[in-house]
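The next block is structure.txt, given as compact mmCIF, C-alpha atoms and all ligand atoms.
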# COMPACT_ATOMS: atom_id res chain seq x y z
CA MET N 286 -104.14 136.65 -122.37
CA THR N 287 -104.70 134.58 -119.27
CA THR N 288 -101.70 132.51 -118.25
CA THR N 289 -101.05 130.23 -115.33
CA THR N 290 -97.56 130.62 -113.92
CA ALA N 291 -95.59 127.73 -112.49
CA LYS N 292 -95.26 127.95 -108.70
CA GLY N 293 -91.86 129.37 -107.80
CA SER N 294 -90.97 130.19 -111.39
CA ALA N 295 -91.73 132.79 -114.06
CA LEU N 296 -92.51 130.11 -116.65
CA SER N 297 -96.04 129.93 -118.02
CA LEU N 298 -97.85 126.64 -117.54
CA THR N 299 -100.18 127.51 -120.40
CA ASP N 300 -97.31 128.08 -122.85
CA PHE N 301 -94.17 126.55 -121.33
CA TYR N 302 -91.94 127.02 -124.41
CA ASP N 303 -93.35 130.44 -125.32
CA VAL N 304 -94.75 129.00 -128.55
CA GLU N 305 -97.33 131.77 -128.83
CA SER N 306 -94.56 134.31 -129.45
CA LEU N 307 -93.77 132.46 -132.69
CA TYR N 308 -97.14 133.48 -134.14
CA SER N 309 -97.79 136.86 -135.79
CA SER N 310 -99.60 139.61 -133.91
CA GLU N 311 -102.64 139.11 -136.20
CA GLU N 312 -102.70 135.37 -135.41
CA ARG N 313 -102.44 136.05 -131.68
CA LEU N 314 -105.20 138.66 -131.86
CA ILE N 315 -107.55 136.15 -133.51
CA GLN N 316 -106.57 133.56 -130.90
CA SER N 317 -107.18 135.88 -127.94
CA SER N 318 -110.56 137.12 -129.20
CA VAL N 319 -111.78 133.53 -129.65
CA ARG N 320 -110.34 132.55 -126.26
CA GLU N 321 -112.10 135.39 -124.50
CA TYR N 322 -115.45 134.60 -126.10
CA VAL N 323 -115.50 130.83 -125.65
CA ARG N 324 -114.24 130.91 -122.06
CA SER N 325 -116.78 133.52 -120.95
CA GLU N 326 -119.82 132.52 -123.05
CA ILE N 327 -119.52 128.77 -123.64
CA LEU N 328 -117.33 127.25 -120.94
CA PRO N 329 -119.74 127.96 -118.03
CA HIS N 330 -122.55 126.05 -119.79
CA VAL N 331 -120.85 123.34 -121.83
CA GLY N 332 -120.83 120.63 -119.12
CA GLU N 333 -124.62 120.89 -118.85
CA TRP N 334 -125.10 120.83 -122.64
CA TRP N 335 -122.87 117.77 -122.85
CA GLN N 336 -124.86 116.06 -120.11
CA GLU N 337 -128.12 116.84 -121.95
CA GLY N 338 -126.74 115.87 -125.36
CA PHE N 339 -127.42 119.35 -126.72
CA PHE N 340 -125.71 121.74 -129.15
CA PRO N 341 -127.37 125.18 -128.94
CA PRO N 342 -128.42 126.15 -132.50
CA GLU N 343 -127.65 129.83 -131.92
CA LEU N 344 -123.95 129.02 -131.55
CA ALA N 345 -123.68 128.83 -135.36
CA ARG N 346 -124.34 132.58 -135.60
CA SER N 347 -122.14 133.28 -132.56
CA PHE N 348 -119.19 131.49 -134.19
CA GLY N 349 -119.95 133.38 -137.40
CA GLU N 350 -119.92 136.76 -135.64
CA LEU N 351 -116.68 135.78 -133.94
CA GLY N 352 -115.12 135.18 -137.38
CA ALA N 353 -114.40 131.54 -136.50
CA LEU N 354 -116.02 130.06 -139.64
CA GLY N 355 -113.94 129.86 -142.82
CA VAL N 356 -111.02 131.69 -141.18
CA THR N 357 -108.65 131.09 -144.12
CA LEU N 358 -111.11 131.95 -146.91
CA PRO N 359 -110.97 135.27 -148.78
CA GLU N 360 -113.01 138.14 -147.36
CA ARG N 361 -115.08 138.31 -150.56
CA TYR N 362 -116.71 135.02 -149.50
CA GLY N 363 -117.13 136.10 -145.87
CA GLY N 364 -113.85 134.58 -144.61
CA ALA N 365 -111.18 136.36 -142.58
CA GLY N 366 -108.38 135.85 -145.13
CA ALA N 367 -106.18 134.70 -142.24
CA SER N 368 -103.39 132.11 -142.14
CA TYR N 369 -103.78 128.36 -141.64
CA SER N 370 -102.03 128.78 -138.30
CA ALA N 371 -104.72 131.28 -137.27
CA TYR N 372 -107.32 128.63 -138.13
CA GLY N 373 -105.36 126.12 -136.04
CA LEU N 374 -105.28 128.49 -133.06
CA VAL N 375 -109.04 129.04 -133.37
CA CYS N 376 -109.48 125.23 -133.19
CA ARG N 377 -107.21 125.07 -130.13
CA GLU N 378 -109.14 127.76 -128.27
CA ILE N 379 -112.54 126.24 -129.08
CA GLU N 380 -111.45 122.71 -128.19
CA TYR N 381 -110.17 123.99 -124.82
CA VAL N 382 -113.88 124.32 -124.12
CA ASP N 383 -115.21 121.19 -125.88
CA SER N 384 -114.28 118.98 -128.85
CA GLY N 385 -117.92 119.02 -130.00
CA MET N 386 -117.83 122.81 -130.38
CA ARG N 387 -114.60 122.51 -132.36
CA SER N 388 -116.13 119.74 -134.49
CA PHE N 389 -118.90 122.11 -135.54
CA VAL N 390 -116.35 124.72 -136.61
CA SER N 391 -114.09 122.15 -138.33
CA VAL N 392 -116.91 120.63 -140.34
CA GLN N 393 -118.31 124.00 -141.36
CA SER N 394 -114.88 125.40 -142.31
CA SER N 395 -112.80 122.46 -143.55
CA LEU N 396 -115.36 119.97 -144.78
CA VAL N 397 -118.06 122.23 -146.22
CA MET N 398 -116.66 125.71 -146.99
CA PHE N 399 -113.30 124.33 -148.17
CA PRO N 400 -114.71 122.02 -150.89
CA ILE N 401 -117.23 124.62 -152.02
CA HIS N 402 -114.42 127.19 -152.28
CA ALA N 403 -112.01 124.76 -153.96
CA TYR N 404 -114.33 122.91 -156.33
CA ALA N 405 -117.65 124.75 -156.87
CA THR N 406 -118.47 127.32 -159.55
CA GLU N 407 -118.27 131.03 -158.69
CA GLU N 408 -122.07 131.22 -158.68
CA VAL N 409 -122.37 128.38 -156.13
CA LYS N 410 -119.56 129.85 -153.99
CA LEU N 411 -121.37 133.20 -153.80
CA GLU N 412 -124.64 131.42 -153.10
CA TRP N 413 -123.37 129.46 -150.07
CA LEU N 414 -120.05 130.71 -148.66
CA PRO N 415 -121.12 134.09 -147.19
CA ARG N 416 -124.10 132.41 -145.45
CA LEU N 417 -121.90 129.60 -144.12
CA ALA N 418 -119.31 132.14 -142.90
CA SER N 419 -121.91 134.13 -140.96
CA GLY N 420 -123.48 130.99 -139.48
CA GLU N 421 -126.81 131.85 -141.11
CA ALA N 422 -126.48 128.50 -142.90
CA VAL N 423 -125.08 125.29 -141.40
CA GLY N 424 -123.28 122.64 -143.45
CA CYS N 425 -122.47 118.96 -143.06
CA PHE N 426 -120.14 116.53 -144.86
CA GLY N 427 -121.43 113.11 -145.88
CA LEU N 428 -118.67 110.65 -146.64
CA THR N 429 -118.90 107.84 -144.04
CA GLU N 430 -121.52 105.11 -144.47
CA PRO N 431 -122.72 102.26 -142.25
CA ASP N 432 -120.34 99.88 -144.08
CA ALA N 433 -117.65 102.30 -145.29
CA GLY N 434 -115.63 104.32 -142.77
CA SER N 435 -111.86 103.84 -142.92
CA ASP N 436 -112.37 102.50 -146.45
CA PRO N 437 -114.41 105.24 -148.16
CA GLY N 438 -113.80 103.59 -151.54
CA ALA N 439 -116.30 100.94 -150.44
CA MET N 440 -119.11 103.51 -150.41
CA ARG N 441 -122.47 102.33 -151.69
CA THR N 442 -124.08 105.72 -152.26
CA ARG N 443 -124.66 106.08 -155.99
CA CYS N 444 -125.33 108.96 -158.37
CA ARG N 445 -126.48 108.89 -161.98
CA LYS N 446 -126.85 111.63 -164.51
CA VAL N 447 -130.30 112.15 -166.00
CA GLY N 448 -130.29 115.02 -168.51
CA ASP N 449 -128.88 118.10 -166.74
CA GLU N 450 -129.48 116.67 -163.29
CA TRP N 451 -128.01 114.09 -160.92
CA VAL N 452 -130.02 111.55 -158.94
CA ILE N 453 -128.40 110.44 -155.65
CA ASN N 454 -129.32 107.39 -153.54
CA GLY N 455 -127.67 106.08 -150.38
CA VAL N 456 -127.16 106.27 -146.61
CA LYS N 457 -124.48 108.23 -144.74
CA ARG N 458 -123.70 107.62 -141.07
CA TRP N 459 -121.98 109.58 -138.30
CA ILE N 460 -122.56 112.95 -139.93
CA THR N 461 -121.74 115.91 -137.69
CA SER N 462 -124.44 118.65 -137.79
CA GLY N 463 -126.48 116.41 -140.14
CA SER N 464 -129.99 117.25 -138.92
CA ARG N 465 -129.10 120.92 -138.40
CA ALA N 466 -127.61 121.42 -141.83
CA ASP N 467 -129.06 123.59 -144.58
CA VAL N 468 -126.57 122.15 -147.04
CA ALA N 469 -124.72 118.84 -147.25
CA VAL N 470 -121.57 118.06 -149.20
CA VAL N 471 -122.31 114.48 -150.29
CA TRP N 472 -119.92 112.02 -151.93
CA ALA N 473 -121.33 109.31 -154.22
CA ARG N 474 -120.06 106.90 -156.86
CA ASP N 475 -121.14 107.62 -160.41
CA GLU N 476 -122.96 104.60 -161.87
CA GLY N 477 -121.67 105.62 -165.32
CA SER N 478 -117.93 106.32 -164.87
CA GLY N 479 -117.45 104.48 -161.56
CA LYS N 480 -115.75 107.61 -160.15
CA VAL N 481 -116.48 109.18 -156.77
CA LEU N 482 -118.15 112.58 -157.27
CA GLY N 483 -119.12 115.31 -154.81
CA PHE N 484 -122.33 117.33 -154.69
CA VAL N 485 -123.67 120.37 -152.88
CA VAL N 486 -127.07 119.17 -151.70
CA PRO N 487 -129.55 121.61 -150.11
CA THR N 488 -131.10 119.58 -147.31
CA ALA N 489 -134.59 120.87 -148.14
CA THR N 490 -134.42 118.83 -151.37
CA GLU N 491 -137.14 116.18 -151.64
CA GLY N 492 -135.90 112.72 -150.65
CA PHE N 493 -133.30 114.02 -148.14
CA GLN N 494 -133.78 113.02 -144.51
CA ALA N 495 -131.54 113.27 -141.40
CA VAL N 496 -132.05 111.25 -138.22
CA ASP N 497 -129.95 111.90 -135.10
CA ILE N 498 -127.86 109.25 -133.37
CA LYS N 499 -128.88 109.54 -129.72
CA THR N 500 -126.81 106.87 -128.01
CA LYS N 501 -123.42 108.62 -127.95
CA ALA N 502 -121.25 108.51 -124.83
CA SER N 503 -118.79 110.89 -126.53
CA MET N 504 -119.22 114.25 -128.34
CA ARG N 505 -122.54 114.74 -126.62
CA ALA N 506 -122.59 118.51 -127.17
CA SER N 507 -122.56 117.92 -130.92
CA VAL N 508 -125.24 116.80 -133.38
CA THR N 509 -124.42 113.51 -135.15
CA SER N 510 -126.87 112.07 -137.67
CA GLU N 511 -127.61 109.51 -140.32
CA LEU N 512 -128.49 110.89 -143.74
CA TYR N 513 -130.91 109.12 -146.06
CA LEU N 514 -130.87 110.12 -149.71
CA ASP N 515 -133.77 108.66 -151.62
CA ASP N 516 -133.78 109.75 -155.29
CA VAL N 517 -132.43 113.18 -154.32
CA VAL N 518 -132.16 115.31 -157.47
CA VAL N 519 -129.59 118.12 -157.80
CA PRO N 520 -128.71 120.22 -160.85
CA GLU N 521 -125.36 119.78 -162.65
CA ARG N 522 -124.21 123.17 -161.31
CA TYR N 523 -124.18 121.63 -157.80
CA ARG N 524 -121.61 119.00 -158.80
CA LEU N 525 -118.12 119.74 -157.43
CA GLN N 526 -115.35 119.97 -160.02
CA VAL N 527 -113.24 117.13 -158.66
CA GLU N 528 -113.21 113.39 -159.36
CA GLY N 529 -112.19 110.38 -157.30
CA LEU N 530 -111.34 110.01 -153.61
CA ARG N 531 -108.87 112.89 -154.03
CA GLY N 532 -111.91 115.18 -153.48
CA PRO N 533 -113.02 114.01 -150.02
CA LEU N 534 -109.44 113.25 -148.92
CA SER N 535 -108.37 116.84 -149.68
CA CYS N 536 -111.12 118.04 -147.32
CA LEU N 537 -110.10 115.57 -144.60
CA ASN N 538 -106.54 116.83 -144.87
CA GLN N 539 -107.76 120.33 -143.96
CA ALA N 540 -109.82 119.09 -141.03
CA ARG N 541 -107.04 116.84 -139.70
CA PHE N 542 -104.76 119.87 -139.68
CA GLY N 543 -107.22 121.69 -137.41
CA ILE N 544 -107.48 118.66 -135.13
CA ALA N 545 -103.70 118.58 -134.60
CA PHE N 546 -104.04 122.06 -133.07
CA GLY N 547 -107.44 121.57 -131.49
CA VAL N 548 -106.68 118.56 -129.30
CA MET N 549 -103.88 120.49 -127.62
CA GLY N 550 -106.61 122.83 -126.35
CA ALA N 551 -108.50 119.92 -124.78
CA ALA N 552 -105.24 118.65 -123.26
CA GLN N 553 -104.42 122.10 -121.85
CA ALA N 554 -107.88 122.32 -120.24
CA CYS N 555 -107.33 118.93 -118.56
CA PHE N 556 -103.85 119.91 -117.40
CA ASP N 557 -105.04 123.27 -115.98
CA GLU N 558 -107.81 121.48 -114.11
CA ALA N 559 -105.49 118.78 -112.73
CA VAL N 560 -102.88 121.31 -111.51
CA ALA N 561 -105.56 123.34 -109.70
CA TYR N 562 -107.12 120.22 -108.19
CA VAL N 563 -103.96 118.58 -106.84
CA SER N 564 -102.79 121.91 -105.39
CA ASP N 565 -105.85 121.98 -103.10
CA ARG N 566 -106.65 118.34 -102.53
CA PRO N 567 -105.22 117.01 -99.26
CA ALA N 568 -103.94 113.42 -98.96
CA PHE N 569 -101.77 111.96 -96.23
CA GLY N 570 -101.32 115.32 -94.52
CA GLU N 571 -100.32 117.48 -97.48
CA PRO N 572 -101.62 118.52 -100.90
CA LEU N 573 -101.49 115.85 -103.62
CA ALA N 574 -99.25 118.30 -105.51
CA ALA N 575 -96.46 117.57 -103.00
CA LYS N 576 -96.34 113.86 -103.92
CA GLN N 577 -93.58 112.67 -106.22
CA ILE N 578 -95.73 110.45 -108.40
CA VAL N 579 -98.30 113.20 -108.85
CA GLN N 580 -95.51 115.57 -109.90
CA GLU N 581 -94.19 113.00 -112.36
CA ARG N 582 -97.61 112.74 -113.96
CA LEU N 583 -97.95 116.52 -114.21
CA ALA N 584 -94.48 116.71 -115.75
CA ASP N 585 -95.49 114.09 -118.36
CA MET N 586 -98.67 116.02 -119.15
CA LEU N 587 -96.76 119.28 -119.58
CA SER N 588 -94.23 117.56 -121.86
CA GLU N 589 -96.95 116.12 -124.09
CA ILE N 590 -98.69 119.50 -124.44
CA THR N 591 -95.41 121.32 -125.12
CA LYS N 592 -94.31 118.83 -127.78
CA GLY N 593 -97.76 118.75 -129.39
CA SER N 594 -97.96 122.55 -129.50
CA LEU N 595 -94.57 122.76 -131.21
CA LEU N 596 -95.58 120.06 -133.69
CA ALA N 597 -98.77 121.96 -134.51
CA TYR N 598 -96.85 125.22 -134.90
CA ARG N 599 -94.43 123.65 -137.38
CA LEU N 600 -97.25 121.92 -139.28
CA GLY N 601 -98.94 125.31 -139.68
CA ARG N 602 -95.85 126.95 -141.10
CA LEU N 603 -95.22 123.99 -143.44
CA LYS N 604 -98.77 124.31 -144.74
CA GLU N 605 -98.33 128.03 -145.29
CA GLU N 606 -95.17 127.23 -147.29
CA GLY N 607 -97.18 124.74 -149.39
CA LYS N 608 -95.41 121.74 -147.85
CA ASP N 609 -98.30 120.10 -146.01
CA HIS N 610 -97.85 116.56 -147.28
CA PRO N 611 -100.75 114.29 -146.09
CA ALA N 612 -98.27 112.06 -144.22
CA ARG N 613 -97.07 115.08 -142.23
CA VAL N 614 -100.67 115.84 -141.31
CA SER N 615 -101.19 112.17 -140.36
CA LEU N 616 -98.22 112.22 -138.01
CA ALA N 617 -99.47 115.34 -136.21
CA LYS N 618 -103.10 114.20 -136.05
CA ARG N 619 -102.12 110.76 -134.72
CA ASP N 620 -99.52 111.91 -132.26
CA ASN N 621 -101.41 114.89 -130.87
CA CYS N 622 -104.58 112.80 -130.39
CA ARG N 623 -102.53 110.21 -128.51
CA SER N 624 -100.96 112.93 -126.35
CA ALA N 625 -104.27 114.62 -125.62
CA LEU N 626 -105.91 111.32 -124.68
CA SER N 627 -103.06 110.42 -122.33
CA VAL N 628 -103.25 113.87 -120.68
CA ALA N 629 -107.05 113.65 -120.32
CA ARG N 630 -106.87 110.13 -118.84
CA ALA N 631 -104.19 111.21 -116.35
CA ALA N 632 -106.21 114.28 -115.35
CA ARG N 633 -109.32 112.17 -114.88
CA ASP N 634 -107.42 109.82 -112.62
CA LEU N 635 -105.80 112.61 -110.56
CA LEU N 636 -109.26 113.98 -109.81
CA GLY N 637 -110.22 110.68 -108.17
CA GLY N 638 -113.97 110.14 -107.76
CA ASN N 639 -114.65 113.76 -108.70
CA GLY N 640 -112.99 112.96 -112.01
CA ILE N 641 -115.92 110.85 -113.13
CA THR N 642 -118.43 113.68 -112.80
CA THR N 643 -119.26 116.25 -115.47
CA GLU N 644 -118.81 118.96 -112.83
CA TYR N 645 -115.18 118.72 -113.90
CA ALA N 646 -114.03 118.81 -117.51
CA ALA N 647 -111.57 115.89 -117.58
CA ILE N 648 -113.95 113.02 -118.26
CA ARG N 649 -115.91 115.03 -120.83
CA HIS N 650 -112.69 115.79 -122.71
CA MET N 651 -111.47 112.22 -122.30
CA LEU N 652 -114.65 110.76 -123.77
CA ASN N 653 -114.79 113.36 -126.55
CA LEU N 654 -111.20 112.59 -127.48
CA GLU N 655 -112.15 108.95 -128.12
CA THR N 656 -114.15 110.29 -131.08
CA VAL N 657 -111.39 112.68 -132.14
CA ALA N 658 -108.93 109.77 -132.24
CA THR N 659 -111.46 107.85 -134.38
CA TYR N 660 -112.82 110.35 -136.88
CA GLU N 661 -110.84 111.96 -139.67
CA GLY N 662 -108.86 108.72 -139.90
CA THR N 663 -108.43 106.42 -136.93
CA ASP N 664 -105.10 106.11 -135.11
CA THR N 665 -104.53 102.89 -137.10
CA VAL N 666 -105.33 104.51 -140.44
CA HIS N 667 -102.72 107.23 -139.78
CA THR N 668 -100.25 104.58 -138.66
CA LEU N 669 -100.76 102.85 -142.02
CA VAL N 670 -100.34 106.14 -143.90
CA LEU N 671 -97.00 106.65 -142.11
CA GLY N 672 -96.02 103.00 -142.62
CA ARG N 673 -96.65 103.33 -146.35
CA GLU N 674 -94.60 106.53 -146.45
CA ILE N 675 -91.70 104.87 -144.63
CA THR N 676 -91.65 101.51 -146.41
CA GLY N 677 -93.40 102.02 -149.74
CA HIS N 678 -95.69 99.08 -148.90
CA ASN N 679 -99.44 99.69 -148.74
CA ALA N 680 -100.58 97.69 -145.69
CA PHE N 681 -104.23 98.87 -145.67
C1 LIG L 701 -119.03 111.63 -133.39
C2 LIG L 701 -118.58 111.33 -134.79
C3 LIG L 701 -118.68 112.30 -135.77
C4 LIG L 701 -118.33 112.02 -137.10
N1 LIG L 701 -118.52 112.97 -138.08
C5 LIG L 701 -118.39 112.62 -139.40
C6 LIG L 701 -118.78 113.53 -140.43
O1 LIG L 701 -119.18 114.69 -140.18
N2 LIG L 701 -118.72 113.10 -141.72
C7 LIG L 701 -118.28 111.85 -142.06
O2 LIG L 701 -118.27 111.53 -143.24
N3 LIG L 701 -117.88 110.97 -141.09
C8 LIG L 701 -117.93 111.34 -139.78
N4 LIG L 701 -117.57 110.44 -138.78
C9 LIG L 701 -117.17 109.08 -139.16
C10 LIG L 701 -115.71 108.75 -138.89
O3 LIG L 701 -114.88 109.42 -139.79
C11 LIG L 701 -115.55 107.22 -138.93
O4 LIG L 701 -116.20 106.71 -137.78
C12 LIG L 701 -114.13 106.78 -139.01
O5 LIG L 701 -113.58 107.09 -140.26
C13 LIG L 701 -113.96 105.27 -138.75
O6 LIG L 701 -114.81 104.55 -139.58
P1 LIG L 701 -115.76 103.40 -138.97
O7 LIG L 701 -116.49 104.00 -137.81
O8 LIG L 701 -116.54 102.83 -140.07
O9 LIG L 701 -114.76 102.33 -138.39
P2 LIG L 701 -114.03 101.17 -139.21
O10 LIG L 701 -113.45 101.73 -140.47
O11 LIG L 701 -114.95 100.01 -139.34
O12 LIG L 701 -112.84 100.79 -138.23
C14 LIG L 701 -113.02 99.91 -137.13
C15 LIG L 701 -111.63 99.55 -136.57
O13 LIG L 701 -110.88 98.88 -137.59
C16 LIG L 701 -109.63 99.51 -137.76
N5 LIG L 701 -109.18 99.36 -139.15
C17 LIG L 701 -109.77 99.86 -140.27
N6 LIG L 701 -109.03 99.53 -141.36
C18 LIG L 701 -107.97 98.80 -140.91
C19 LIG L 701 -106.84 98.18 -141.54
N7 LIG L 701 -106.68 98.27 -142.87
N8 LIG L 701 -105.96 97.51 -140.77
C20 LIG L 701 -106.11 97.44 -139.43
N9 LIG L 701 -107.15 98.02 -138.76
C21 LIG L 701 -108.06 98.68 -139.50
C22 LIG L 701 -109.88 100.95 -137.39
O14 LIG L 701 -108.66 101.62 -137.05
C23 LIG L 701 -110.80 100.78 -136.19
O15 LIG L 701 -110.04 100.49 -135.05
C24 LIG L 701 -117.82 110.74 -137.44
C25 LIG L 701 -117.67 109.77 -136.42
C26 LIG L 701 -118.03 110.05 -135.13
C27 LIG L 701 -117.88 108.98 -134.08
So that I can check it, write out the structure of this file as structure tokens.
Ligand SMILES: Cc1cc2nc3c(=O)[nH]c(=O)nc-3n(C[C@H](O)[C@H](O)[C@H](O)COP(=O)(O)OP(=O)(O)OC[C@H]3O[C@@H](n4cnc5c(N)ncnc54)[C@H](O)[C@@H]3O)c2cc1C
Amino acid sequence: MTTTTAKGSALSLTDFYDVESLYSSEERLIQSSVREYVRSEILPHVGEWWQEGFFPPELARSFGELGALGVTLPERYGGAGASYSAYGLVCREIEYVDSGMRSFVSVQSSLVMFPIHAYATEEVKLEWLPRLASGEAVGCFGLTEPDAGSDPGAMRTRCRKVGDEWVINGVKRWITSGSRADVAVVWARDEGSGKVLGFVVPTATEGFQAVDIKTKASMRASVTSELYLDDVVVPERYRLQVEGLRGPLSCLNQARFGIAFGVMGAAQACFDEAVAYVSDRPAFGEPLAAKQIVQERLADMLSEITKGSLLAYRLGRLKEEGKDHPARVSLAKRDNCRSALSVARAARDLLGGNGITTEYAAIRHMLNLETVATYEGTDTVHTLVLGREITGHNAF
């Protein structure tokens, strides 16, 4: 694996506390194969794609061939049967390149394959999971609406049962991969019982339409769409076997876990770039790297990445032991997003004027991370989850 060594020391700047040695050889093998692929095949092009607001469609198959989709799912459904930590490391390696690339993988794995695996019938699992794992099919997750984001219980999308079928009506907003998707996991409130229900909706179904949001200044190398469901009819067998907000929240818990690992990849990319830049950039007769304040900022960045990587490692092992309480996931998602944003902002600043161009990665990561801190529960939402855990008072 490629490592950058600290000048004058044997310590690795890409893994200062030797966290990687805590993972199993299988987990490290998965990590290194993803790292090799994304750094050679995606990294050289991603700045241009981001600039153009483009996510190459063929990447779905490439991620599938790499085994990056549905990493934790059983092999019988096309997954790799690997650990949650392996999934986290995959997210970290992909987000080193771009948060939009990692978003694609997170949505496909945690928000589409996870609910189908957890809540669909065997027939529906076999129908969709192998195709989603190979990247032949793309999925999206429709929970957020124009007037219901942090408060998904306020959703207006409705479903009603008519004979053996369900009729769904509503609008979903901010849906990653929406217009590319072959299948959407859609959450709607049942007009009869008042409960939130989930459905597997093939996007070719009549009445389903996806329109891309084109004005993003963040996550530009990722497709984000609005979904319109106008009397969309799906059979009962496409209803997920889960009721209430517990369904969508269980999916978000999986995706937030991946984010806690992923953002450390983006932070590492910014740190690597900043170290290389200040080592060469002259100012006042010597490299910027020789200045005390620059060194302090690099030390802060390294500390944030080291702490965040250890937090992610522990979260992974807790999850594998069945102890991944949602509040633990909230703490890691919130804190690691904060750390990654602070590292990206510092890197952008250390690059001076060059730091505002997409020829360097810092500003792209910094702007992407604004989305990462917002989706899957905003910083405030996770603060309120932790506050409720600490005090017993619900302050939402
Ligand atoms: C690029 C992108 C991709 C996305 N992909 C998906 C996807 O694939 N599927 C999907 O379903 N959604 C997706 N989302 C939506 C995302 O999850 C929401 O944007 C997010 O949950 C926030 O909701 P909102 O935008 O409605 O903001 P709001 O909920 O309106 O929040 C606005 C502000 O109010 C604050 N706030 C909210 N509640 C409280 C409170 N009780 N007390 C104090 N402050 C509060 C928030 O922290 C925030 O600062 C995506 C979003 C983006 C930007």
*Can you tell me how far CA of Gly492 (chain N) sits from CA of Ala540 (chain N), in Å to one decimal?*
28.5 Å
*Contacts of Met651 (chain N) at 12 Å or less, counting all atoms listed in the file, minus same-chain residues fewer than 2 places along, as a ChimeraX atom specification?*
/N:383-384,502-504,548,551-552,554-556,622-634,640-643,645-649,653-658
Could you take the residues named above and write them with C-alpha atoms, as a PDB file, in the coordinates of the input?
ATOM      1  CA  ASP N 383    -115.210 121.190-125.880  1.00  0.00           C
ATOM      2  CA  SER N 384    -114.280 118.980-128.850  1.00  0.00           C
ATOM      3  CA  ALA N 502    -121.250 108.510-124.830  1.00  0.00           C
ATOM      4  CA  SER N 503    -118.790 110.890-126.530  1.00  0.00           C
ATOM      5  CA  MET N 504    -119.220 114.250-128.340  1.00  0.00           C
ATOM      6  CA  VAL N 548    -106.680 118.560-129.300  1.00  0.00           C
ATOM      7  CA  ALA N 551    -108.500 119.920-124.780  1.00  0.00           C
ATOM      8  CA  ALA N 552    -105.240 118.650-123.260  1.00  0.00           C
ATOM      9  CA  ALA N 554    -107.880 122.320-120.240  1.00  0.00           C
ATOM     10  CA  CYS N 555    -107.330 118.930-118.560  1.00  0.00           C
ATOM     11  CA  PHE N 556    -103.850 119.910-117.400  1.00  0.00           C
ATOM     12  CA  CYS N 622    -104.580 112.800-130.390  1.00  0.00           C
ATOM     13  CA  ARG N 623    -102.530 110.210-128.510  1.00  0.00           C
ATOM     14  CA  SER N 624    -100.960 112.930-126.350  1.00  0.00           C
ATOM     15  CA  ALA N 625    -104.270 114.620-125.620  1.00  0.00           C
ATOM     16  CA  LEU N 626    -105.910 111.320-124.680  1.00  0.00           C
ATOM     17  CA  SER N 627    -103.060 110.420-122.330  1.00  0.00           C
ATOM     18  CA  VAL N 628    -103.250 113.870-120.680  1.00  0.00           C
ATOM     19  CA  ALA N 629    -107.050 113.650-120.320  1.00  0.00           C
ATOM     20  CA  ARG N 630    -106.870 110.130-118.840  1.00  0.00           C
ATOM     21  CA  ALA N 631    -104.190 111.210-116.350  1.00  0.00           C
ATOM     22  CA  ALA N 632    -106.210 114.280-115.350  1.00  0.00           C
ATOM     23  CA  ARG N 633    -109.320 112.170-114.880  1.00  0.00           C
ATOM     24  CA  ASP N 634    -107.420 109.820-112.620  1.00  0.00           C
ATOM     25  CA  GLY N 640    -112.990 112.960-112.010  1.00  0.00           C
ATOM     26  CA  ILE N 641    -115.920 110.850-113.130  1.00  0.00           C
ATOM     27  CA  THR N 642    -118.430 113.680-112.800  1.00  0.00           C
ATOM     28  CA  THR N 643    -119.260 116.250-115.470  1.00  0.00           C
ATOM     29  CA  TYR N 645    -115.180 118.720-113.900  1.00  0.00           C
ATOM     30  CA  ALA N 646    -114.030 118.810-117.510  1.00  0.00           C
ATOM     31  CA  ALA N 647    -111.570 115.890-117.580  1.00  0.00           C
ATOM     32  CA  ILE N 648    -113.950 113.020-118.260  1.00  0.00           C
ATOM     33  CA  ARG N 649    -115.910 115.030-120.830  1.00  0.00           C
ATOM     34  CA  ASN N 653    -114.790 113.360-126.550  1.00  0.00           C
ATOM     35  CA  LEU N 654    -111.200 112.590-127.480  1.00  0.00           C
ATOM     36  CA  GLU N 655    -112.150 108.950-128.120  1.00  0.00           C
ATOM     37  CA  THR N 656    -114.150 110.290-131.080  1.00  0.00           C
ATOM     38  CA  VAL N 657    -111.390 112.680-132.140  1.00  0.00           C
ATOM     39  CA  ALA N 658    -108.930 109.770-132.240  1.00  0.00           C
TER      40      ALA N 658
END
*Interatomic distance, CA of Gly332 (chain N) to CA of Ala545 (chain N) (Å, one decimal)*: 23.2 Å
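Between atom C17 of ligand LIG 701 (chain L) and CA of Asp436 (chain N) the separation is 7.2 Å.
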*asked:* Using only C-alpha atoms, can you tell me which of N:Pro431, N:Gly477, N:Pro342, N:Gly570 comes closest to Arg443 (chain N)?
replied: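 Selected residue with least distance to Arg443 (chain N): N:Gly477.
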*Report as a list in words which protein, DNA and RNA residues come within 6 Å of ligand LIG 701 (chain L), using all atoms listed in the file.*
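The neighbouring residues of ligand LIG 701 (chain L) are, in order, Phe426, Gly427, Leu428, Thr429, Ala433, Gly434, Ser435, Trp459, Ile460, Thr461, Met504, Thr509, Thr656, Thr659, Tyr660, Glu661, Gly662, Thr663, Thr665, Val666 and Phe681 of chain N.
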*asked:* Ranking N:Thr490, N:Asn454, N:Thr357, N:Ser347 by minimum distance to Leu374 (chain N) and counting only C-alpha atoms, which one comes first?
replied: N:Thr357
_Set the distance at 8 Å and use only C-alpha atoms: which residues neighbour Gly385 (chain N) once local chain neighbours fewer than 3 positions away are removed? I'd like the list as a list in words._
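Here the qualifying residues turn out to be Glu380, Ser388, Phe389, Met504, Arg505, Ala506, Ser507 and Asn653 of chain N.
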